[in-house]
Amino acid sequence: MEIIIADNSGLCYGVKRALQLAHSTRRRRKGRVLTLGELIHNPMAIADLKKKGIQAVRDPVSIREGTVIIRSHGVAPAVYRTLKKKRIEIVDATCPIVKKIQRLVEGLAKRHEEIIIVGNREHPEIRGLVGYSDGRGRIIEDEDQARRLPPRKKRFVLAQSTQDPYLFGRVVAALLERTGELGVYNTICRSTQTRQRSTSELAARVDTLFIVGGKNSSNTHKLYQISKRVQPNTHFIEGASQITPRLLRGAKRIGISGGASTPPEAIEEAVAKIRSSFEHQPHRESIIQWQS
Ligand code: SF4
């Protein structure tokens, strides 16, 4: 039996940075420390933050006091205005890569361009980006929606930072049929692309693959879909306890990958669970970090 961990699986730069900012803010501030929405899409990490006195709130309007941490996904300008009006202290942990996409949307909106944003309309990053578009941003989730758009002489398209590049490519192709001049910005972040590529390459080399992460994490879902396309024996698990003997039956090469919000401990626990499941069977074990 061999366990192979995908390169770049687990916490991305933006989420790590947001967590560090949250912890340092908690150390510095005496009053309430809140995050606007869950800082990380992972139930284990959220429980840990709560234990340390960092609580998630949904609605900026409901906040009366304390320090608010804006998570890596960013927020719309209206949210900053609401908090500033209430004189709430803001710690902005928006990922610098997301900030760059926000500025891009803002710039296109100032030029009165039509902006197509390829992403999940319920995702906080997308809600934030739309807020910068001054009413010119249109969310498209797949190529069918793109085909239903009216023809235009000119428009621009960009993607959620964690978008699946194949889906983005299909939407761009559909838009080309309906647009004279199409400006394409590949705003899928490098860390997402590396993780998706190494997971898909790993999926081709193993007989069983576990994607570890919160079910509410959009990028972990995409990782699961990408891997499932290559290796049908891919399982999406939230934690090691979901790795059962049935899922491991006949497995010889087992791959593990995790989304941008999967803490390293969750990957380590999955490795330990697989290892213990093979404890009483003759096996050869090697754990290598896959470098694609
Ligand atoms: S996935 Fe990329 S853009 Fe999104 S928070 Fe992580 S590093 Fe930033």
# chains A, B, ... in the order shown; residues from 1 in each chain; ligands from 1

$ residues_near_ligand --ligand "ligand 1" --cutoff "10 Å" --atoms "only C-alpha atoms and all ligand atoms" --output "mmCIF file with N, CA and C atoms, in the first residue's frame"
data_model
loop_
_atom_site.group_PDB
_atom_site.id
_atom_site.type_symbol
_atom_site.label_atom_id
_atom_site.label_comp_id
_atom_site.auth_asym_id
_atom_site.auth_seq_id
_atom_site.Cartn_x
_atom_site.Cartn_y
_atom_site.Cartn_z
ATOM 1 N N LEU A 11 -4.134 24.355 2.940
ATOM 2 C CA LEU A 11 -4.305 25.811 3.032
ATOM 3 C C LEU A 11 -3.522 26.613 1.995
ATOM 4 N N CYS A 12 -4.220 27.513 1.322
ATOM 5 C CA CYS A 12 -3.541 28.393 0.354
ATOM 6 C C CYS A 12 -2.993 29.611 1.096
ATOM 7 N N TYR A 13 -2.200 30.388 0.363
ATOM 8 C CA TYR A 13 -1.565 31.582 0.920
ATOM 9 C C TYR A 13 -2.587 32.556 1.532
ATOM 10 N N GLY A 14 -3.690 32.782 0.800
ATOM 11 C CA GLY A 14 -4.686 33.765 1.253
ATOM 12 C C GLY A 14 -5.363 33.351 2.549
ATOM 13 N N VAL A 15 -5.695 32.059 2.664
ATOM 14 C CA VAL A 15 -6.387 31.584 3.870
ATOM 15 C C VAL A 15 -5.414 31.560 5.053
ATOM 16 N N LYS A 16 -4.153 31.131 4.785
ATOM 17 C CA LYS A 16 -3.134 31.124 5.862
ATOM 18 C C LYS A 16 -2.956 32.537 6.409
ATOM 19 N N ARG A 17 -2.868 33.490 5.492
ATOM 20 C CA ARG A 17 -2.659 34.888 5.878
ATOM 21 C C ARG A 17 -3.840 35.382 6.713
ATOM 22 N N ALA A 18 -5.065 35.032 6.301
ATOM 23 C CA ALA A 18 -6.257 35.466 7.042
ATOM 24 C C ALA A 18 -6.261 34.863 8.450
ATOM 25 N N ILE A 40 -12.792 30.422 7.298
ATOM 26 C CA ILE A 40 -12.263 29.302 6.529
ATOM 27 C C ILE A 40 -13.392 28.273 6.420
ATOM 28 N N ARG A 71 -12.628 38.394 5.660
ATOM 29 C CA ARG A 71 -11.921 37.163 5.278
ATOM 30 C C ARG A 71 -11.285 37.258 3.887
ATOM 31 N N SER A 72 -10.542 36.226 3.520
ATOM 32 C CA SER A 72 -9.750 36.256 2.278
ATOM 33 C C SER A 72 -10.600 36.470 1.023
ATOM 34 N N HIS A 73 -11.899 36.094 1.061
ATOM 35 C CA HIS A 73 -12.763 36.244 -0.120
ATOM 36 C C HIS A 73 -13.043 37.705 -0.463
ATOM 37 N N GLY A 74 -12.861 38.607 0.528
ATOM 38 C CA GLY A 74 -13.164 40.018 0.304
ATOM 39 C C GLY A 74 -14.658 40.298 0.404
ATOM 40 N N ALA A 93 -8.417 41.188 5.791
ATOM 41 C CA ALA A 93 -7.618 40.007 5.415
ATOM 42 C C ALA A 93 -7.969 39.534 3.998
ATOM 43 N N THR A 94 -8.549 40.446 3.200
ATOM 44 C CA THR A 94 -8.821 40.073 1.800
ATOM 45 C C THR A 94 -7.516 39.621 1.155
ATOM 46 N N CYS A 95 -7.538 38.491 0.490
ATOM 47 C CA CYS A 95 -6.329 37.991 -0.173
ATOM 48 C C CYS A 95 -5.870 39.032 -1.205
ATOM 49 N N PRO A 96 -4.578 39.365 -1.239
ATOM 50 C CA PRO A 96 -4.109 40.367 -2.204
ATOM 51 C C PRO A 96 -4.438 39.999 -3.658
ATOM 52 N N ILE A 97 -4.554 38.703 -3.935
ATOM 53 C CA ILE A 97 -4.894 38.283 -5.307
ATOM 54 C C ILE A 97 -6.361 38.642 -5.597
ATOM 55 N N VAL A 98 -7.221 38.449 -4.602
ATOM 56 C CA VAL A 98 -8.636 38.811 -4.773
ATOM 57 C C VAL A 98 -8.756 40.336 -4.898
ATOM 58 N N LYS A 99 -7.955 41.062 -4.101
ATOM 59 C CA LYS A 99 -7.957 42.542 -4.171
ATOM 60 C C LYS A 99 -7.664 43.002 -5.605
ATOM 61 N N LYS A 100 -6.698 42.301 -6.227
ATOM 62 C CA LYS A 100 -6.302 42.658 -7.595
ATOM 63 C C LYS A 100 -7.491 42.447 -8.553
ATOM 64 N N ILE A 101 -8.243 41.365 -8.341
ATOM 65 C CA ILE A 101 -9.406 41.107 -9.210
ATOM 66 C C ILE A 101 -10.478 42.179 -8.960
ATOM 67 N N GLU A 125 -16.803 35.568 -2.543
ATOM 68 C CA GLU A 125 -15.859 36.305 -3.414
ATOM 69 C C GLU A 125 -16.619 36.945 -4.586
ATOM 70 N N GLN A 160 -13.790 33.586 -11.044
ATOM 71 C CA GLN A 160 -13.568 33.437 -9.596
ATOM 72 C C GLN A 160 -12.146 32.882 -9.424
ATOM 73 N N SER A 161 -11.456 33.292 -8.382
ATOM 74 C CA SER A 161 -10.036 32.897 -8.237
ATOM 75 C C SER A 161 -9.850 31.383 -8.128
ATOM 76 N N THR A 162 -10.906 30.653 -7.719
ATOM 77 C CA THR A 162 -10.777 29.204 -7.555
ATOM 78 C C THR A 162 -11.535 28.430 -8.639
ATOM 79 N N GLN A 163 -11.812 29.092 -9.753
ATOM 80 C CA GLN A 163 -12.596 28.448 -10.812
ATOM 81 C C GLN A 163 -11.851 27.276 -11.456
ATOM 82 N N THR A 187 -8.108 35.061 -14.246
ATOM 83 C CA THR A 187 -7.908 35.482 -12.848
ATOM 84 C C THR A 187 -7.919 34.280 -11.893
ATOM 85 N N ILE A 188 -7.810 33.066 -12.448
ATOM 86 C CA ILE A 188 -7.733 31.881 -11.580
ATOM 87 C C ILE A 188 -6.350 31.914 -10.929
ATOM 88 N N CYS A 189 -6.313 31.828 -9.592
ATOM 89 C CA CYS A 189 -5.028 32.060 -8.926
ATOM 90 C C CYS A 189 -4.088 30.869 -9.127
ATOM 91 N N ARG A 190 -2.799 31.176 -9.100
ATOM 92 C CA ARG A 190 -1.764 30.177 -9.401
ATOM 93 C C ARG A 190 -1.826 28.993 -8.440
ATOM 94 N N SER A 191 -2.075 29.295 -7.162
ATOM 95 C CA SER A 191 -2.112 28.223 -6.164
ATOM 96 C C SER A 191 -3.265 27.263 -6.474
ATOM 97 N N THR A 192 -4.406 27.803 -6.933
ATOM 98 C CA THR A 192 -5.548 26.961 -7.323
ATOM 99 C C THR A 192 -5.165 26.094 -8.513
ATOM 100 N N GLN A 193 -4.510 26.726 -9.496
ATOM 101 C CA GLN A 193 -4.151 25.979 -10.717
ATOM 102 C C GLN A 193 -3.181 24.849 -10.396
ATOM 103 N N ARG A 195 -2.766 23.301 -7.500
ATOM 104 C CA ARG A 195 -3.451 22.266 -6.722
ATOM 105 C C ARG A 195 -4.324 21.405 -7.629
ATOM 106 N N ASN A 219 -14.039 25.533 -3.522
ATOM 107 C CA ASN A 219 -12.839 25.088 -4.253
ATOM 108 C C ASN A 219 -12.572 23.603 -4.013
ATOM 109 N N GLY A 259 -8.488 20.929 -0.206
ATOM 110 C CA GLY A 259 -8.758 22.249 -0.785
ATOM 111 C C GLY A 259 -7.985 23.366 -0.092
ATOM 112 N N ALA A 260 -8.235 24.595 -0.571
ATOM 113 C CA ALA A 260 -7.513 25.769 -0.064
ATOM 114 C C ALA A 260 -7.801 26.039 1.408
ATOM 115 N N SER A 261 -8.892 25.453 1.925
ATOM 116 C CA SER A 261 -9.230 25.705 3.334
ATOM 117 C C SER A 261 -9.106 24.439 4.181
#

$ select_by_dssp --residues "region 27-248 of chain A" --states "alpha helix (DSSP H)" --output "number ranges by chain"
A: 27-28, 43-51, 77-85, 96-110, 124-131, 143-147, 165-176, 190-203, 218-230, 245-248

$ residues_around --residues "region 209-215 of chain A" --least-positions-apart "6" --cutoff "9 Å" --atoms "only C-alpha atoms" --output "ChimeraX atom specification"
/A:10,41-44,202-203,221,223-224,227-228,231-240,243,253-263,266-267,270

$ closest_residue --among "A:Gln102, A:Thr67, A:Thr25, A:Asn186" --to "Val118 (chain A)" --atoms "only C-alpha atoms"
A:Asn186

$ closest_residue --among "A:Glu201, A:Asp164, A:Glu143, A:Glu268" --to "Leu176 (chain A)" --atoms "only C-alpha atoms"
A:Glu143

$ closest_residue --among "A:Arg32, A:Arg87, A:Val171, A:Ile63" --to "Arg148 (chain A)" --atoms "only C-alpha atoms"
A:Val171

$ closest_residue --among "A:Lys154, A:Arg81, A:Arg26, A:Lys50" --to "Thr179 (chain A)" --atoms "only C-alpha atoms"
A:Lys154

$ select_by_dssp --residues "region 87-247 of chain A" --states "strand (DSSP E)" --output "VMD selection string"
chain A and resid 89 to 92 115 to 118 137 to 140 152 to 159 179 to 184 208 to 212 234 to 237

$ write_last_selection --atoms "C-alpha atoms" --output "mmCIF file, in the first residue's frame"
data_model
loop_
_atom_site.group_PDB
_atom_site.id
_atom_site.type_symbol
_atom_site.label_atom_id
_atom_site.label_comp_id
_atom_site.auth_asym_id
_atom_site.auth_seq_id
_atom_site.Cartn_x
_atom_site.Cartn_y
_atom_site.Cartn_z
ATOM 1 C CA GLU A 89 -12.480 48.667 13.498
ATOM 2 C CA ILE A 90 -11.691 46.669 10.367
ATOM 3 C CA VAL A 91 -8.814 44.217 9.867
ATOM 4 C CA ASP A 92 -8.778 43.567 6.156
ATOM 5 C CA ILE A 115 -18.170 42.409 -17.288
ATOM 6 C CA ILE A 116 -18.860 38.673 -17.218
ATOM 7 C CA ILE A 117 -17.749 36.994 -13.984
ATOM 8 C CA VAL A 118 -17.533 33.202 -14.193
ATOM 9 C CA GLY A 137 -21.103 42.676 -13.649
ATOM 10 C CA ARG A 138 -23.012 39.604 -14.776
ATOM 11 C CA ILE A 139 -22.434 36.243 -13.116
ATOM 12 C CA ILE A 140 -22.249 33.219 -15.388
ATOM 13 C CA ARG A 152 -22.536 42.138 -28.086
ATOM 14 C CA LYS A 153 -19.811 43.948 -29.995
ATOM 15 C CA LYS A 154 -17.531 43.944 -26.978
ATOM 16 C CA ARG A 155 -17.371 42.504 -23.475
ATOM 17 C CA PHE A 156 -14.860 41.295 -20.877
ATOM 18 C CA VAL A 157 -14.724 38.035 -18.977
ATOM 19 C CA LEU A 158 -12.872 36.957 -15.823
ATOM 20 C CA ALA A 159 -13.173 34.133 -13.296
ATOM 21 C CA THR A 179 -19.200 38.585 -28.864
ATOM 22 C CA GLY A 180 -17.306 40.551 -31.528
ATOM 23 C CA GLU A 181 -14.414 41.538 -29.311
ATOM 24 C CA LEU A 182 -13.875 39.555 -26.105
ATOM 25 C CA GLY A 183 -11.311 40.591 -23.493
ATOM 26 C CA VAL A 184 -10.301 37.551 -21.417
ATOM 27 C CA THR A 208 -8.357 5.439 -4.776
ATOM 28 C CA LEU A 209 -8.313 9.132 -3.991
ATOM 29 C CA PHE A 210 -9.615 11.079 -1.002
ATOM 30 C CA ILE A 211 -10.376 14.781 -1.265
ATOM 31 C CA VAL A 212 -10.365 16.180 2.259
ATOM 32 C CA THR A 234 -12.598 9.500 -5.711
ATOM 33 C CA HIS A 235 -14.248 10.217 -2.354
ATOM 34 C CA PHE A 236 -15.029 13.614 -0.841
ATOM 35 C CA ILE A 237 -14.570 13.407 2.945
#

$ atom_distance --atom1 "CA of Val105 (chain A)" --atom2 "CA of Ser218 (chain A)"
21.3 Å

$ atom_distance --atom1 "CA of Lys252 (chain A)" --atom2 "CA of Asp207 (chain A)"
6.8 Å

$ closest_residue --among "A:Ser24, A:Gln242, A:Ser62, A:Ser200" --to "Leu36 (chain A)" --atoms "only C-alpha atoms"
A:Ser62

$ residues_around --residues "Gln281 (chain A)" --least-positions-apart "4" --cutoff "10 Å" --atoms "only C-alpha atoms" --output "ChimeraX atom specification"
/A:1,276-277

$ closest_residue --among "A:Gly37, A:Leu49, A:Gly131, A:His280" --to "Tyr80 (chain A)" --atoms "only C-alpha atoms"
A:Gly131

$ residues_around --residues "Ala109 (chain A)" --least-positions-apart "6" --cutoff "10 Å" --atoms "only C-alpha atoms" --output "JSON, numbers by chain"
{"A": [103, 115, 132, 133, 134, 135, 136, 137]}

$ atom_distance --atom1 "CA of Leu108 (chain A)" --atom2 "CA of Ala174 (chain A)"
21.1 Å
